[in-house]
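Reviewing the structure listed below.
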Amino acid sequence: MDAFRVFIASPGGLDAERKAIREEIERFNSDFMHEDNIVFSFQGWENVPGGAHRPQDMINELLVSCDYLILILGPRWGTQPAIETRFTSGTEEEFYLAEDYLNRDTSPMRDILVLFKGVPEEQLSDPGEQLLKVIAFKKLLEENKRFFYKTFDDLIGLRREIAARLRGWARDRSAKKPEVQSEYGEGQKNLLPHSPPEQGSPDSLDEVPMGSSALASAERLEAQGLMTQAEAAYARAIVDSDVVSLEKYARFLRRTGRLSKALEIDRRILSQLASLENTTETAAQRARLLTSIGIVQRKLGDLRASRYSLHEAVETARGAGQEALDVLAYSLDNLGLTASRSGDRGEAAECFGKALSVREGTGDTVGQARSLTNLCRLHKRSGDLTTAKEACSTAITLLKGIDDRTALASAHAAMGEILELESDLVGAEDFYRRALSMNEALGMPDNIAMSLNQVARVLVDRGEFVDAERYAQRSLVENERSSNREGTVSSTHLLGRIFGLTDREGLAISLLEEAVAAYAKMGNQNGEAWARFHLAGVLRRVERHAEASANLAKARYLAVAAGNAQIQELTALPGPDIS
């Protein structure tokens with residue numbers, strides 16, 4: 001059995017977070033230790049005995065014997081560990097020591113995960129000395145792109161990040177250690193600031209104005225990819241609880257993967273609107289917010305809640321009349337997507353059709369292309385490839401000469417899916433790679449992840465498993481970065497399928513069972529059907545025939561409920577082919 005030690009580093013005041021990490025490590029061991037033949041243990045300053053030496057030196061001795069570092073930071077940076085040191089906190093010293101040992105072949109250190117606890121906007125808009133140092137460190141990581149880092153807003157989000165990282169470390173246990181530049185060694189320049197930025201310096205948050213001017217600054221910084229500074233600017237923009245600024249801040253949070261926080265802000269705005277006069281304008285705003293809430297709930301995997309919110313969004317938009325037709329079409333398309341994920345093909349088709357009709361009436365060409373792409377995927381799933389291809393071709397034709405790469409990438413991806421079903425792997429890969437190129441240029445993690453998954457599937461079909469696994473792993477990372485629970489499960493499912501085809505049946509079964517459970521919890525019948533189908537194939541290979549038959553029967557039942565003609569046809573064959 002492979003055993004790895006995880007060091008948990010943080011300044012004071014994060015006891016609940018440290019406890020949550022320890023519990024997630026214990027949960028992982030309980031769920032996967034025997035199946036994956038791996039175990040993690042946790043270490044931290046709590047494990048250091050008393051003594052006459054400098055306390056930080058004793059903590060460092062424990063740290064250098066560990067395989068992984070999880071660093072958590074909230075609003076506090078911490079205190080200087082000793083007078084004669086260039087480090088401004090014990091946490092900073094631990095980070096740079098781990099970085100140094102990560103670069104040594106003789107050290108067990110394999111990876112560093114940095115997690116930031118979300119800070120209340122009012123505190124972020126007027127940070128003190130401690131928080132300024134945390135912001136400076138986050139900005140440094142953002143600029144250098146040396147380490148994976150995420151921001152979480154609650155313990156549920158933290159647990160989700162830790163669980164995902166542990167699974168990643170378990171999969172990558174035999175991977176080569178990454179090479180990084182050390183900043184710990186003597187004579188090396190310490191990149192972290194020893195004091196808060198000076199007033200008037202380029203890094204000073206005081207240069208960001210308050211109110212509407214701050215909103216413009218926030219949008220500009222976000223467009224430049226400077227997310228740490230953009231977040232600080234958004235915090236200043238929403239000090240007066242302006243609805244427009246709050247909405248844009250919620251979208252920023254959604255794009256950066258902070259879904260639970262985005263949900264919180266959307267609900268806050270909705271509450272504010274409830275006290276306003278019920279005009280067509282406020283009704284349209286409410287419908288737009290309810291749609292945003294439904295999208296976030298879908299990304300978090302809560303399809304039932306998503307469906308409820310989107311139904312309310314549709315009815316609210318209808319009540320707003322002609323002033324909210326664009327919002328109505330948007331909410332209908334998203335309700336159709338959630339209904340489709342839930343296996344309700346009838347409602348999905350009705351929603352997409354109504355959205356298309358509304359958009360034709362308003363002359364919204366891009367919107368028509370989006371609705372047609374959604375209809376294309378629905379027809380594809382039911383096995384009507386001719387109608388699917390017609391809808392997709394029309395969407396691509398509509399988008400010619402229009403600069404909307406997001407819609408065009410989606411249409412190209414849908415055409416790739418049709419060609420893949422027709423066994424035209426060359427054509428499918430061409431469309432998938434075009435979509436991937438556009439999505440990467442747009443910098444949209446969810447869409448990049450979807451395109452990576454699609455390219456990986458073609459590579460699997462061609463038997464190019466090494467490259468397929470590389471693309472699937474990249475897809476998983478993108479989904480984890482954006483906290484897209486639905487996408488993460490899809491990538492986990494694909495990796496399980498690849499492992500099952502490359503003689504790693506134990507890990508394949510573990511990942512596919514995880515995908516089955518996650519899809520079932522979401523209510524995603526189509527996803528669960530595919531995961532059970534692929535799981536049955538791996539189980540049959542290891543001669544667990546009774547379990548294979550049970551999963552195959554369940555896959556067939558779910559495929560009928562979800563209207564998935566392809567699985568119905570495949571499960572009618574004598575035995576499942578996991579390819």
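Just so we're on the same page: first chain in the structure tokens is A, next is B, and so on; residues restart at 1 for each chain, and ligands are numbered from 1 in the order they show up.
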
inquiry  = Env of Gln568 of chain A: 10 Å cut, atoms = only C-alpha atoms, seq-sep filter 3 positions within chain, self excluded. Answer as a list in words.
reply    = Ala529, Ala555, Arg556, Tyr557, Leu558, Ala559, Val560, Gly563, Asn564, Ala565, Thr571, Ala572 and Leu573 of chain A

Listing only residues of segment 253-372 of chain A within 8 Å of segment 512-528 of chain A, what is the closest atom pair and its distance in Å (to one decimal) for each, using only C-alpha atoms, sorted by chain and residue number ascending, as a tab-separated table?
```
residue	atom	partner	partner_atom	distance
A:Gly301	CA	A:Met522	CA	5.0
A:Asp302	CA	A:Met522	CA	5.4
A:Leu303	CA	A:Met522	CA	5.8
A:Arg304	CA	A:Gly523	CA	7.5
A:Arg341	CA	A:Asn524	CA	5.2
A:Ser342	CA	A:Asn524	CA	4.9
A:Gly343	CA	A:Gln525	CA	5.6
```

Go ahead and save the picked residues with N, CA and C atoms, as a PDB file, in the first residue's frame.
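See again.pdb below for the written result:
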```pdb
ATOM      1  N   GLY A 301     -24.614  20.620  -9.518  1.00  0.00           N
ATOM      2  CA  GLY A 301     -25.144  19.262  -9.553  1.00  0.00           C
ATOM      3  C   GLY A 301     -26.517  19.104  -8.943  1.00  0.00           C
ATOM      4  N   ASP A 302     -27.175  20.205  -8.562  1.00  0.00           N
ATOM      5  CA  ASP A 302     -28.502  20.125  -7.957  1.00  0.00           C
ATOM      6  C   ASP A 302     -29.549  20.389  -9.043  1.00  0.00           C
ATOM      7  N   LEU A 303     -29.863  19.349  -9.837  1.00  0.00           N
ATOM      8  CA  LEU A 303     -30.748  19.524 -10.986  1.00  0.00           C
ATOM      9  C   LEU A 303     -32.188  19.822 -10.559  1.00  0.00           C
ATOM     10  N   ARG A 304     -32.610  19.270  -9.448  1.00  0.00           N
ATOM     11  CA  ARG A 304     -33.987  19.525  -8.991  1.00  0.00           C
ATOM     12  C   ARG A 304     -34.176  20.995  -8.637  1.00  0.00           C
ATOM     13  N   ARG A 341     -30.761  17.229 -18.890  1.00  0.00           N
ATOM     14  CA  ARG A 341     -29.858  16.534 -17.960  1.00  0.00           C
ATOM     15  C   ARG A 341     -30.657  15.631 -17.019  1.00  0.00           C
ATOM     16  N   SER A 342     -31.882  16.045 -16.694  1.00  0.00           N
ATOM     17  CA  SER A 342     -32.724  15.278 -15.766  1.00  0.00           C
ATOM     18  C   SER A 342     -33.430  14.118 -16.455  1.00  0.00           C
ATOM     19  N   GLY A 343     -33.298  14.013 -17.771  1.00  0.00           N
ATOM     20  CA  GLY A 343     -33.916  12.912 -18.502  1.00  0.00           C
ATOM     21  C   GLY A 343     -35.300  13.209 -19.044  1.00  0.00           C
TER      22      GLY A 343
END
```

message = Excluding Glu486 of chain A and its own-chain neighbours fewer than 4 positions away, which residues fall within 7 Å of it when counting only C-alpha atoms? Please give them as a VMD selection string.
response = chain A and resid 299 to 301 490

Write out, as a compact mmCIF listing (two decimals), in the first residue's frame, the residues just selected, with C-alpha atoms.
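Output file result-v4.txt is given in full below:
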```txt
# COMPACT_ATOMS: atom_id res chain seq x y z
CA LYS A 299 -23.23 23.46 -12.20
CA LEU A 300 -23.30 22.43 -8.55
CA GLY A 301 -25.14 19.26 -9.55
CA SER A 490 -17.99 13.89 -16.48
```

query = Can you tell me, as a list in words, what residues are no more than 12 Å from Ala284 of chain A when counting only C-alpha atoms, ignoring any on the same chain fewer than 6 positions away?
reply = Leu270, Leu273, Asn278, Leu290, Thr291, Glu312, Ala313, Val314, Glu315, Thr316, Ala317, Arg318, Gly319, Ala320, Gly321, Gln322, Glu323, Ala324, Leu325, Asp326, Val327, Leu328, Ala329, Tyr330 and Ser331 of chain A

Write out as an mmCIF file with N, CA and C atoms, in the first residue's frame which residues come within 8 Å of Ile396 of chain A when counting only C-alpha atoms, dropping same-chain ones fewer than 5 positions away.
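Written file, part26.cif:
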```
data_model
loop_
_atom_site.group_PDB
_atom_site.id
_atom_site.type_symbol
_atom_site.label_atom_id
_atom_site.label_comp_id
_atom_site.auth_asym_id
_atom_site.auth_seq_id
_atom_site.Cartn_x
_atom_site.Cartn_y
_atom_site.Cartn_z
ATOM 1 N N ALA A 369 -29.182 30.505 -33.098
ATOM 2 C CA ALA A 369 -28.123 29.498 -33.253
ATOM 3 C C ALA A 369 -27.943 28.699 -31.967
ATOM 4 N N LEU A 408 -20.417 29.896 -31.705
ATOM 5 C CA LEU A 408 -19.848 29.117 -32.799
ATOM 6 C C LEU A 408 -19.096 27.894 -32.276
ATOM 7 N N ALA A 411 -21.645 25.266 -31.405
ATOM 8 C CA ALA A 411 -22.195 24.619 -32.596
ATOM 9 C C ALA A 411 -21.179 23.652 -33.211
ATOM 10 N N HIS A 412 -19.913 24.036 -33.247
ATOM 11 C CA HIS A 412 -18.869 23.152 -33.774
ATOM 12 C C HIS A 412 -18.745 21.891 -32.920
#
```

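Atom CA of Tyr471 of chain A sits 27.3 Å away from atom CA of Glu24 of chain A.
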
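The nearest approach to Asn144 of chain A among the residues A:Leu132, A:Leu226, A:Cys66, A:Gly537, with only C-alpha atoms taken into account, belongs to A:Leu226.
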
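When atom CA of Gln473 of chain A is paired with atom CA of Tyr96 of chain A, their separation reads 27.2 Å.
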
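Nearest to Leu378 of chain A of all the residues A:Thr280, A:Ser340, A:Asn479, A:Ser260 is A:Ser340, counting only C-alpha atoms.
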
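Considering the residues A:Leu263, A:Val538, A:Leu113, A:Ile8 and counting only C-alpha atoms, Ile25 of chain A has its shortest atom-to-atom contact with A:Ile8.
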